[in-house]
Amino acid sequence: MINNKRWGSWAQKPETIDPSTADKEYSAEILVIGAGLSGLSCALSAAQKGADVLCLEKFGKYTARGFNIGVCNSSYMASRGFENDVDAVAREWIKRCGNRCDEKLVRLFLNRSGEAMDWLMGMLTSPEYAIRPELQGCLYKGETYYEIMGSHLFYDGPISKQGKFGGLNDVMEPMYQEALKAGVRFVFNSPLQQLIVEDGRVTGAIAQNKEGEIIALRGQRGVVIATGGIGGNDEMCDDLCPIANKVAAKVCAPKGSDNGDGHRAALWAGAAFEDGPFPAMLHPQAHRHSNFCFLFVRPDGKRYMNEDNYLQARAYGVIKEGLKWAWAIFDSDWREKVPETLKYGGGIYWGHDFPLGRKDEFQLDHEEERLEWGLRIGAAVMADTPEELAEKMGVDPKVFAETLANYNRMCAEGKDTEFGKRKELLIPLDKPPYIARKFGPALLSVVGGMKVNTSMQVLTEEGEVIPGLYAIGNAAGGRYGVDYPMLIPGNSHGTALTFGYLLGRELGGKD
Ligand SMILES: Cc1cc2nc3c(=O)[nH]c(=O)nc-3n(C[C@H](O)[C@H](O)[C@H](O)COP(=O)(O)OP(=O)(O)OC[C@H]3O[C@@H](n4cnc5c(N)ncnc54)[C@H](O)[C@@H]3O)c2cc1C
């Protein structure tokens, strides 16, 4: 339904801009809108197939965030002795998504993401870039939730060689260079305004460049929306993903990205969104500290959840309490105690702040630095007694001392009668000084979008294909449905890469 009455002003269709009135025109066989991982993968693989490709981008360069790319069964994984059972992974994925993901899209990702990674890695490890691949080692090993092998990391790329943060930048820079070589034409600093629809077919897009000129861009074979998510747009989140506005921090970067521009333009061209609320990628990383797994307490000093859970759940746990942050409590033996827990738990913000591919290694130096920093800025406090710690936390000392005593009693008895934490993780906190560290939920991305079929064609509410229009990355729906499943860490980048690569090959190979 276009311009759903219950939605805010963001959904209002603007007046149609006639492309013949544009100040400038560009034409290509394929128009990709957005130079993030999905858009660049699509533009590059299409151009490598010989297609003439235009890539329209709002900002002055491609967008790269984070570090890992999660896929199922690449050749590199096989070379390191890892293989995932696709059927089992699919069943687990669907279960974690409450059966609301599109099973066909999930299977497509699981069956073809290894091929997409092989394609990418062929470029990255070529003598020209000589990037060093690794597999992410710190996976959460819970009983209910767990993470499996498949997250790929890349080191020594062109950006880290300049002494800057590499991560996904080290992947995207070579992709960008290869795209230029393959003839992709980039139009930067020109945000999409609306799509051009002629005789029921999407044939191009209207954008505005930094000189303020209206430009019309054509994609005869297809127009691909790869503009990312809606997380940076509070109004859209209110209507489509309310939980995204309940976080302590939104880390959508760069500022002004994830504004749902592509979602809106597609809506106005007749697209349907997947059923809401959209799933969100929420990590417990506000205040930028590890949380470990010992005792979490609310700002009033009370325990509220089983601390043994994967990172999305630890973020939701705080939100469900109606809070922006909670305290992670540990004692002076954390340096020995945390590594002991890793064989049962682990994962980002438990065992490691940022994994560096060193399997099952606790990065003590890094954690020490983070703790010192936290103590300096007041995001962590330390004291010799529970009562003193509580005072520094601003909590009633009696309440906190009771919570800690109760927790230690359950540890001694080997049974968590409150929340059922695994016995192995019931580790007493009894070696002063005690430490409390703040953590809160942060929104990385909203991972819901337009309804698409397995050819990434955008569908109407009636399930009809909108000719000429495609969506990939966080602009596409169906991958998740209800939650962002950290089954394979980095699968958001993994799906962006895979569906971008596949669509580029499909469109690029057409006559
Ligand atoms: C800080 C941070 C860290 C993250 N770390 C990880 C990680 O380690 N692993 C992981 O899997 N995921 C991670 N994510 C999530 C991941 O980055 C996204 O899910 C992923 O980038 C989605 O790719 P995309 O191509 O759909 O969108 P994006 O990467 O957002 O790219 C969209 C592009 O479209 C452009 N665009 C937007 N609007 C317009 C417009 N109107 N006109 C023209 N262009 C437009 C944007 O500028 C951008 O370049 C992280 C997210 C954040 C914010």
# chains A, B, ... in the order shown; residues from 1 in each chain; ligands from 1
>>> residues_around(residues="segment 53-56 of chain A", least_positions_apart="6", cutoff="6 Å", atoms="only C-alpha atoms", output="count of residues only")
10
>>> residues_near_ligand(ligand="ligand 1", cutoff="6 Å", atoms="only C-alpha atoms and all ligand atoms", output="ChimeraX atom specification")
/A:33-39,56-59,62-63,65-69,191-192,226-228,251-253,257-258,261,444-445,473-475,490-493,496
>>> select_by_dssp(residues="segment 42-284 of chain A", states="helix (DSSP H, G or I)", output="number ranges by chain")
A: 42-48, 75-79, 86-96, 103-124, 160-162, 169-181, 234-240, 242-246, 261-268
>>> atom_distance(atom1="atom CA of Phe165 of chain A", atom2="atom CA of Gly231 of chain A")
23.4 Å
>>> atom_distance(atom1="atom CA of Leu110 of chain A", atom2="atom CA of Asn259 of chain A")
28.5 Å
>>> residues_around(residues="segment 272-281 of chain A", least_positions_apart="3", cutoff="10 Å", atoms="only C-alpha atoms", output="NGL selection string")
:A and (1-2 or 97 or 100-102 or 229-231 or 237-244 or 263 or 266-269 or 311-312 or 315 or 441-452 or 458-464 or 475-486 or 492)
>>> closest_residue(among="A:Met149, A:Val171, A:Met121, A:Met236", to="Gly81 of chain A", atoms="only C-alpha atoms")
A:Met149
>>> closest_atom_pairs(of="segment 64-152 of chain A", to="segment 328-344 of chain A", cutoff="8 Å", atoms="only C-alpha atoms", output="tab-separated table")
residue	atom	partner	partner_atom	distance
A:Tyr140	CA	A:Tyr344	CA	7.7
A:Lys141	CA	A:Tyr344	CA	5.5
A:Gly142	CA	A:Tyr344	CA	6.3
>>> write_last_selection(atoms="C-alpha atoms", output="tab-separated table (two decimals), in the first residue's frame")
chain	number	residue	atom	x	y	z
A	140	TYR	CA	29.86	-17.79	20.68
A	141	LYS	CA	29.40	-21.41	21.73
A	142	GLY	CA	26.10	-21.36	23.60
>>> residues_around(residues="Gly504 of chain A", least_positions_apart="4", cutoff="8 Å", atoms="only C-alpha atoms", output="PyMOL selection string")
chain A and resi 41-47+500+508
>>> write_last_selection(atoms="N, CA and C atoms", output="PDB file, in the first residue's frame")
ATOM      1  N   SER A  41      29.640  -4.638  -5.248  1.00  0.00           N
ATOM      2  CA  SER A  41      29.734  -6.032  -5.724  1.00  0.00           C
ATOM      3  C   SER A  41      28.940  -6.190  -7.017  1.00  0.00           C
ATOM      4  N   CYS A  42      27.753  -5.587  -7.043  1.00  0.00           N
ATOM      5  CA  CYS A  42      26.888  -5.702  -8.213  1.00  0.00           C
ATOM      6  C   CYS A  42      27.505  -4.979  -9.415  1.00  0.00           C
ATOM      7  N   ALA A  43      27.947  -3.734  -9.164  1.00  0.00           N
ATOM      8  CA  ALA A  43      28.511  -2.935 -10.268  1.00  0.00           C
ATOM      9  C   ALA A  43      29.741  -3.633 -10.848  1.00  0.00           C
ATOM     10  N   LEU A  44      30.603  -4.137  -9.968  1.00  0.00           N
ATOM     11  CA  LEU A  44      31.839  -4.757 -10.432  1.00  0.00           C
ATOM     12  C   LEU A  44      31.569  -6.060 -11.175  1.00  0.00           C
ATOM     13  N   SER A  45      30.717  -6.906 -10.629  1.00  0.00           N
ATOM     14  CA  SER A  45      30.520  -8.198 -11.306  1.00  0.00           C
ATOM     15  C   SER A  45      29.782  -8.002 -12.631  1.00  0.00           C
ATOM     16  N   ALA A  46      28.892  -7.001 -12.700  1.00  0.00           N
ATOM     17  CA  ALA A  46      28.208  -6.719 -13.980  1.00  0.00           C
ATOM     18  C   ALA A  46      29.212  -6.202 -15.004  1.00  0.00           C
ATOM     19  N   ALA A  47      30.082  -5.281 -14.561  1.00  0.00           N
ATOM     20  CA  ALA A  47      31.070  -4.704 -15.490  1.00  0.00           C
ATOM     21  C   ALA A  47      32.046  -5.779 -15.958  1.00  0.00           C
ATOM     22  N   GLY A 500      24.715  -9.058  -4.352  1.00  0.00           N
ATOM     23  CA  GLY A 500      25.275  -8.068  -5.284  1.00  0.00           C
ATOM     24  C   GLY A 500      26.024  -8.759  -6.415  1.00  0.00           C
ATOM     25  N   GLY A 508      24.568  -8.347 -15.919  1.00  0.00           N
ATOM     26  CA  GLY A 508      25.701  -8.067 -16.802  1.00  0.00           C
ATOM     27  C   GLY A 508      25.773  -9.039 -17.950  1.00  0.00           C
TER      28      GLY A 508
END
>>> select_by_dssp(residues="segment 154-336 of chain A", states="strand (DSSP E or B)", output="JSON list (two decimals) with N, CA and C atoms, in the first residue's frame")
[["chain", "number", "residue", "atom", "x", "y", "z"],
["A", 154, "PHE", "N", 40.11, -9.73, 6.70],
["A", 154, "PHE", "CA", 41.16, -9.42, 5.72],
["A", 154, "PHE", "C", 42.17, -8.44, 6.32],
["A", 155, "TYR", "N", 43.45, -8.73, 6.12],
["A", 155, "TYR", "CA", 44.51, -7.91, 6.72],
["A", 155, "TYR", "C", 45.52, -7.46, 5.67],
["A", 185, "ARG", "N", 31.33, 3.64, -14.24],
["A", 185, "ARG", "CA", 31.38, 5.11, -14.10],
["A", 185, "ARG", "C", 30.67, 5.50, -12.81],
["A", 186, "PHE", "N", 31.38, 6.19, -11.94],
["A", 186, "PHE", "CA", 30.79, 6.59, -10.66],
["A", 186, "PHE", "C", 30.31, 8.03, -10.74],
["A", 187, "VAL", "N", 29.14, 8.26, -10.20],
["A", 187, "VAL", "CA", 28.63, 9.63, -10.07],
["A", 187, "VAL", "C", 28.48, 9.87, -8.57],
["A", 192, "LEU", "N", 20.13, 10.14, -4.67],
["A", 192, "LEU", "CA", 18.90, 9.75, -5.37],
["A", 192, "LEU", "C", 17.71, 10.54, -4.79],
["A", 193, "GLN", "N", 16.84, 11.03, -5.68],
["A", 193, "GLN", "CA", 15.60, 11.69, -5.24],
["A", 193, "GLN", "C", 14.39, 10.82, -5.48],
["A", 194, "GLN", "N", 14.31, 10.29, -6.68],
["A", 194, "GLN", "CA", 13.17, 9.42, -7.02],
["A", 194, "GLN", "C", 13.52, 8.59, -8.25],
["A", 195, "LEU", "N", 12.71, 7.58, -8.50],
["A", 195, "LEU", "CA", 12.95, 6.71, -9.65],
["A", 195, "LEU", "C", 12.16, 7.21, -10.86],
["A", 196, "ILE", "N", 12.65, 6.87, -12.02],
["A", 196, "ILE", "CA", 11.91, 7.21, -13.25],
["A", 196, "ILE", "C", 11.11, 5.97, -13.64],
["A", 197, "VAL", "N", 9.80, 6.14, -13.73],
["A", 197, "VAL", "CA", 8.94, 5.02, -14.12],
["A", 197, "VAL", "C", 8.26, 5.40, -15.42],
["A", 198, "GLU", "N", 8.46, 4.57, -16.46],
["A", 198, "GLU", "CA", 7.85, 4.87, -17.77],
["A", 198, "GLU", "C", 7.13, 3.63, -18.25],
["A", 201, "ARG", "N", 7.58, 0.55, -16.21],
["A", 201, "ARG", "CA", 8.93, 0.02, -16.02],
["A", 201, "ARG", "C", 9.82, 1.08, -15.38],
["A", 202, "VAL", "N", 10.65, 0.65, -14.45],
["A", 202, "VAL", "CA", 11.63, 1.58, -13.87],
["A", 202, "VAL", "C", 12.81, 1.65, -14.84],
["A", 203, "THR", "N", 13.06, 2.84, -15.35],
["A", 203, "THR", "CA", 14.10, 2.98, -16.37],
["A", 203, "THR", "C", 15.29, 3.81, -15.90],
["A", 204, "GLY", "N", 15.16, 4.41, -14.73],
["A", 204, "GLY", "CA", 16.28, 5.23, -14.28],
["A", 204, "GLY", "C", 15.96, 5.92, -12.97],
["A", 205, "ALA", "N", 16.76, 6.94, -12.69],
["A", 205, "ALA", "CA", 16.61, 7.65, -11.41],
["A", 205, "ALA", "C", 16.90, 9.13, -11.60],
["A", 206, "ILE", "N", 16.31, 9.90, -10.72],
["A", 206, "ILE", "CA", 16.59, 11.34, -10.67],
["A", 206, "ILE", "C", 17.41, 11.60, -9.41],
["A", 207, "ALA", "N", 18.49, 12.34, -9.56],
["A", 207, "ALA", "CA", 19.33, 12.68, -8.40],
["A", 207, "ALA", "C", 19.67, 14.17, -8.49],
["A", 208, "GLN", "N", 20.27, 14.64, -7.39],
["A", 208, "GLN", "CA", 20.70, 16.04, -7.40],
["A", 208, "GLN", "C", 22.19, 16.06, -7.09],
["A", 214, "ILE", "N", 19.77, 19.03, -11.22],
["A", 214, "ILE", "CA", 18.98, 17.79, -11.29],
["A", 214, "ILE", "C", 19.57, 16.94, -12.40],
["A", 215, "ILE", "N", 19.89, 15.68, -12.05],
["A", 215, "ILE", "CA", 20.45, 14.80, -13.08],
["A", 215, "ILE", "C", 19.54, 13.59, -13.27],
["A", 216, "ALA", "N", 19.46, 13.15, -14.51],
["A", 216, "ALA", "CA", 18.66, 11.96, -14.83],
["A", 216, "ALA", "C", 19.64, 10.86, -15.25],
["A", 217, "LEU", "N", 19.51, 9.70, -14.63],
["A", 217, "LEU", "CA", 20.42, 8.59, -14.95],
["A", 217, "LEU", "C", 19.59, 7.41, -15.42],
["A", 218, "ARG", "N", 20.00, 6.80, -16.51],
["A", 218, "ARG", "CA", 19.23, 5.69, -17.07],
["A", 218, "ARG", "C", 19.96, 4.37, -16.92],
["A", 219, "GLY", "N", 19.19, 3.34, -16.67],
["A", 219, "GLY", "CA", 19.74, 1.98, -16.66],
["A", 219, "GLY", "C", 18.81, 1.13, -17.50],
["A", 220, "GLN", "N", 19.19, 0.92, -18.77],
["A", 220, "GLN", "CA", 18.24, 0.28, -19.69],
["A", 220, "GLN", "C", 17.87, -1.14, -19.26],
["A", 221, "ARG", "N", 18.86, -1.89, -18.78],
["A", 221, "ARG", "CA", 18.57, -3.28, -18.40],
["A", 221, "ARG", "C", 18.01, -3.37, -16.98],
["A", 222, "GLY", "N", 18.45, -2.46, -16.13],
["A", 222, "GLY", "CA", 17.96, -2.56, -14.76],
["A", 222, "GLY", "C", 18.46, -1.42, -13.88],
["A", 223, "VAL", "N", 17.67, -1.13, -12.87],
["A", 223, "VAL", "CA", 18.03, -0.11, -11.87],
["A", 223, "VAL", "C", 18.07, -0.84, -10.53],
["A", 224, "VAL", "N", 19.22, -0.76, -9.88],
["A", 224, "VAL", "CA", 19.44, -1.56, -8.68],
["A", 224, "VAL", "C", 19.50, -0.64, -7.46],
["A", 225, "ILE", "N", 18.60, -0.87, -6.52],
["A", 225, "ILE", "CA", 18.63, -0.08, -5.28],
["A", 225, "ILE", "C", 19.58, -0.79, -4.31],
["A", 249, "ALA", "N", 22.81, 4.20, 21.42],
["A", 249, "ALA", "CA", 23.57, 4.89, 20.37],
["A", 249, "ALA", "C", 23.23, 4.30, 19.02],
["A", 250, "LYS", "N", 23.18, 5.17, 18.01],
["A", 250, "LYS", "CA", 23.08, 4.69, 16.63],
["A", 250, "LYS", "C", 24.45, 4.91, 16.01],
["A", 273, "PHE", "N", 7.03, -3.40, 1.02],
["A", 273, "PHE", "CA", 8.04, -3.74, 2.03],
["A", 273, "PHE", "C", 7.72, -5.11, 2.60],
["A", 280, "ALA", "N", 16.53, -5.76, 13.29],
["A", 280, "ALA", "CA", 17.59, -4.78, 13.52],
["A", 280, "ALA", "C", 18.87, -5.49, 13.96],
["A", 281, "MET", "N", 19.99, -4.91, 13.58],
["A", 281, "MET", "CA", 21.29, -5.41, 14.04],
["A", 281, "MET", "C", 21.66, -4.59, 15.27],
["A", 282, "LEU", "N", 21.57, -5.22, 16.42],
["A", 282, "LEU", "CA", 21.80, -4.52, 17.70],
["A", 282, "LEU", "C", 22.92, -5.22, 18.44],
["A", 283, "HIS", "N", 23.97, -4.51, 18.72],
["A", 283, "HIS", "CA", 25.08, -5.09, 19.48],
["A", 283, "HIS", "C", 25.23, -4.35, 20.81],
["A", 284, "PRO", "N", 25.70, -5.05, 21.86],
["A", 284, "PRO", "CA", 25.82, -4.38, 23.17],
["A", 284, "PRO", "C", 27.13, -3.60, 23.26],
["A", 285, "GLN", "N", 27.31, -2.66, 22.36],
["A", 285, "GLN", "CA", 28.62, -2.02, 22.23],
["A", 285, "GLN", "C", 28.62, -0.53, 22.56],
["A", 286, "ALA", "N", 27.47, 0.01, 22.97],
["A", 286, "ALA", "CA", 27.50, 1.41, 23.39],
["A", 286, "ALA", "C", 28.40, 1.48, 24.62],
["A", 295, "LEU", "N", 28.06, -11.17, 35.83],
["A", 295, "LEU", "CA", 26.83, -10.66, 36.45],
["A", 295, "LEU", "C", 26.47, -9.33, 35.79],
["A", 296, "PHE", "N", 25.26, -9.27, 35.25],
["A", 296, "PHE", "CA", 24.78, -8.00, 34.69],
["A", 296, "PHE", "C", 23.73, -7.44, 35.66],
["A", 297, "VAL", "N", 23.84, -6.17, 35.96],
["A", 297, "VAL", "CA", 22.80, -5.57, 36.81],
["A", 297, "VAL", "C", 22.28, -4.27, 36.20],
["A", 303, "ARG", "N", 19.76, -7.88, 39.23],
["A", 303, "ARG", "CA", 20.06, -8.74, 38.08],
["A", 303, "ARG", "C", 18.80, -8.87, 37.23],
["A", 326, "ALA", "N", 23.35, -0.94, 31.14],
["A", 326, "ALA", "CA", 23.39, -1.76, 32.37],
["A", 326, "ALA", "C", 24.86, -1.86, 32.79],
["A", 327, "TRP", "N", 25.09, -2.52, 33.93],
["A", 327, "TRP", "CA", 26.46, -2.72, 34.41],
["A", 327, "TRP", "C", 26.87, -4.18, 34.22],
["A", 328, "ALA", "N", 28.07, -4.39, 33.72],
["A", 328, "ALA", "CA", 28.67, -5.74, 33.73],
["A", 328, "ALA", "C", 29.65, -5.75, 34.91],
["A", 329, "ILE", "N", 29.46, -6.73, 35.80],
["A", 329, "ILE", "CA", 30.27, -6.78, 37.02],
["A", 329, "ILE", "C", 31.31, -7.89, 36.91],
["A", 330, "PHE", "N", 32.52, -7.62, 37.35],
["A", 330, "PHE", "CA", 33.53, -8.67, 37.44],
["A", 330, "PHE", "C", 34.50, -8.33, 38.57]]
>>> closest_residue(among="A:Gly270, A:Ser455, A:Arg80, A:Asn99", to="Lys13 of chain A", atoms="only C-alpha atoms")
A:Gly270
>>> residues_around(residues="segment 393-405 of chain A", least_positions_apart="6", cutoff="9 Å", atoms="only C-alpha atoms", output="list in words")
Leu295, Val297, Pro299, Asp300, Gly301, Lys302, Arg303, Trp327, Ala380, Val381, Thr385, Pro386, Glu387, Leu429 and Ala436 of chain A
>>> write_last_selection(atoms="C-alpha atoms", output="compact mmCIF listing (two decimals), in the first residue's frame")
# COMPACT_ATOMS: atom_id res chain seq x y z
CA LEU A 295 26.83 -10.66 36.45
CA VAL A 297 22.80 -5.57 36.81
CA PRO A 299 21.24 0.78 37.27
CA ASP A 300 19.17 -0.05 40.39
CA GLY A 301 21.54 -2.90 41.23
CA LYS A 302 19.24 -5.81 40.34
CA ARG A 303 20.06 -8.74 38.08
CA TRP A 327 26.46 -2.72 34.41
CA ALA A 380 33.88 1.83 34.57
CA VAL A 381 34.33 2.02 38.33
CA THR A 385 33.97 -3.83 48.62
CA PRO A 386 30.58 -4.41 47.00
CA GLU A 387 29.13 -1.52 49.03
CA LEU A 429 32.91 -12.84 41.99
CA ALA A 436 31.51 -2.42 37.18
>>> residues_around(residues="segment 320-322 of chain A", least_positions_apart="6", cutoff="9 Å", atoms="only C-alpha atoms", output="list of chain:residue names")
A:Lys246, A:Arg298, A:Tyr304
>>> residues_around(residues="Asn306 of chain A", least_positions_apart="3", cutoff="9 Å", atoms="only C-alpha atoms", output="list in words")
Cys293, Leu295, Phe296, Arg303, Asn309, Arg314, Asp416, Glu418, Phe419, Gly420, Lys421 and Arg422 of chain A
>>> write_last_selection(atoms="C-alpha atoms", output="PDB file, in the first residue's frame")
ATOM      1  CA  CYS A 293      29.332 -13.095  31.063  1.00  0.00           C
ATOM      2  CA  LEU A 295      26.826 -10.664  36.446  1.00  0.00           C
ATOM      3  CA  PHE A 296      24.777  -7.998  34.689  1.00  0.00           C
ATOM      4  CA  ARG A 303      20.061  -8.743  38.080  1.00  0.00           C
ATOM      5  CA  ASN A 309      23.711 -15.317  25.570  1.00  0.00           C
ATOM      6  CA  ARG A 314      22.580  -9.008  25.402  1.00  0.00           C
ATOM      7  CA  ASP A 416      21.084 -20.436  38.791  1.00  0.00           C
ATOM      8  CA  GLU A 418      16.785 -17.070  38.712  1.00  0.00           C
ATOM      9  CA  PHE A 419      17.665 -17.374  35.021  1.00  0.00           C
ATOM     10  CA  GLY A 420      19.159 -20.822  34.493  1.00  0.00           C
ATOM     11  CA  LYS A 421      22.709 -19.880  33.494  1.00  0.00           C
ATOM     12  CA  ARG A 422      24.848 -22.884  32.627  1.00  0.00           C
TER      13      ARG A 422
END
>>> decode(residues="segment 407-467 of chain A", atoms="C-alpha atoms", output="mmCIF file, in the first residue's frame")
data_model
loop_
_atom_site.group_PDB
_atom_site.id
_atom_site.type_symbol
_atom_site.label_atom_id
_atom_site.label_comp_id
_atom_site.auth_asym_id
_atom_site.auth_seq_id
_atom_site.Cartn_x
_atom_site.Cartn_y
_atom_site.Cartn_z
ATOM 1 C CA TYR A 407 24.708 -14.492 42.739
ATOM 2 C CA ASN A 408 27.739 -15.877 44.574
ATOM 3 C CA ARG A 409 25.496 -18.217 46.545
ATOM 4 C CA MET A 410 24.008 -19.636 43.339
ATOM 5 C CA CYS A 411 27.549 -20.030 41.963
ATOM 6 C CA ALA A 412 28.551 -21.962 45.070
ATOM 7 C CA GLU A 413 25.460 -24.167 44.758
ATOM 8 C CA GLY A 414 26.028 -24.648 41.025
ATOM 9 C CA LYS A 415 22.449 -23.705 40.134
ATOM 10 C CA ASP A 416 21.084 -20.436 38.791
ATOM 11 C CA THR A 417 17.548 -20.528 40.143
ATOM 12 C CA GLU A 418 16.785 -17.070 38.712
ATOM 13 C CA PHE A 419 17.665 -17.374 35.021
ATOM 14 C CA GLY A 420 19.159 -20.822 34.493
ATOM 15 C CA LYS A 421 22.709 -19.880 33.494
ATOM 16 C CA ARG A 422 24.848 -22.884 32.627
ATOM 17 C CA LYS A 423 26.646 -24.350 35.619
ATOM 18 C CA GLU A 424 30.057 -23.964 33.979
ATOM 19 C CA LEU A 425 29.518 -20.220 33.797
ATOM 20 C CA LEU A 426 28.463 -19.781 37.407
ATOM 21 C CA ILE A 427 31.795 -18.311 38.435
ATOM 22 C CA PRO A 428 31.820 -16.461 41.789
ATOM 23 C CA LEU A 429 32.911 -12.841 41.986
ATOM 24 C CA ASP A 430 34.847 -12.753 45.229
ATOM 25 C CA LYS A 431 38.303 -11.333 44.556
ATOM 26 C CA PRO A 432 38.426 -7.610 45.265
ATOM 27 C CA PRO A 433 38.752 -5.074 43.854
ATOM 28 C CA TYR A 434 35.398 -5.335 42.131
ATOM 29 C CA ILE A 435 34.736 -3.647 38.809
ATOM 30 C CA ALA A 436 31.510 -2.423 37.181
ATOM 31 C CA ARG A 437 31.502 -1.488 33.542
ATOM 32 C CA LYS A 438 28.690 0.194 31.592
ATOM 33 C CA PHE A 439 27.358 -1.253 28.371
ATOM 34 C CA GLY A 440 24.350 -0.438 26.247
ATOM 35 C CA PRO A 441 22.628 -1.464 23.021
ATOM 36 C CA ALA A 442 23.796 0.184 19.819
ATOM 37 C CA LEU A 443 22.079 0.065 16.450
ATOM 38 C CA LEU A 444 24.360 -0.835 13.574
ATOM 39 C CA SER A 445 21.816 -1.385 10.834
ATOM 40 C CA VAL A 446 18.169 -2.085 10.189
ATOM 41 C CA VAL A 447 18.172 -5.117 7.942
ATOM 42 C CA GLY A 448 14.701 -5.068 6.396
ATOM 43 C CA GLY A 449 13.512 -3.755 3.072
ATOM 44 C CA MET A 450 11.640 -4.323 -0.118
ATOM 45 C CA LYS A 451 10.039 -7.618 -1.001
ATOM 46 C CA VAL A 452 12.215 -9.288 -3.629
ATOM 47 C CA ASN A 453 12.277 -12.625 -5.441
ATOM 48 C CA THR A 454 15.390 -14.752 -5.881
ATOM 49 C CA SER A 455 16.369 -12.677 -8.929
ATOM 50 C CA MET A 456 16.353 -9.646 -6.592
ATOM 51 C CA GLN A 457 13.476 -8.143 -8.553
ATOM 52 C CA VAL A 458 11.369 -5.833 -6.435
ATOM 53 C CA LEU A 459 7.757 -6.919 -5.962
ATOM 54 C CA THR A 460 4.497 -5.107 -5.456
ATOM 55 C CA GLU A 461 2.093 -5.811 -2.600
ATOM 56 C CA GLU A 462 0.382 -8.300 -4.949
ATOM 57 C CA GLY A 463 3.661 -10.120 -5.563
ATOM 58 C CA GLU A 464 4.026 -8.791 -9.116
ATOM 59 C CA VAL A 465 7.487 -7.945 -10.416
ATOM 60 C CA ILE A 466 8.149 -4.233 -10.979
ATOM 61 C CA PRO A 467 9.944 -4.421 -14.327
#
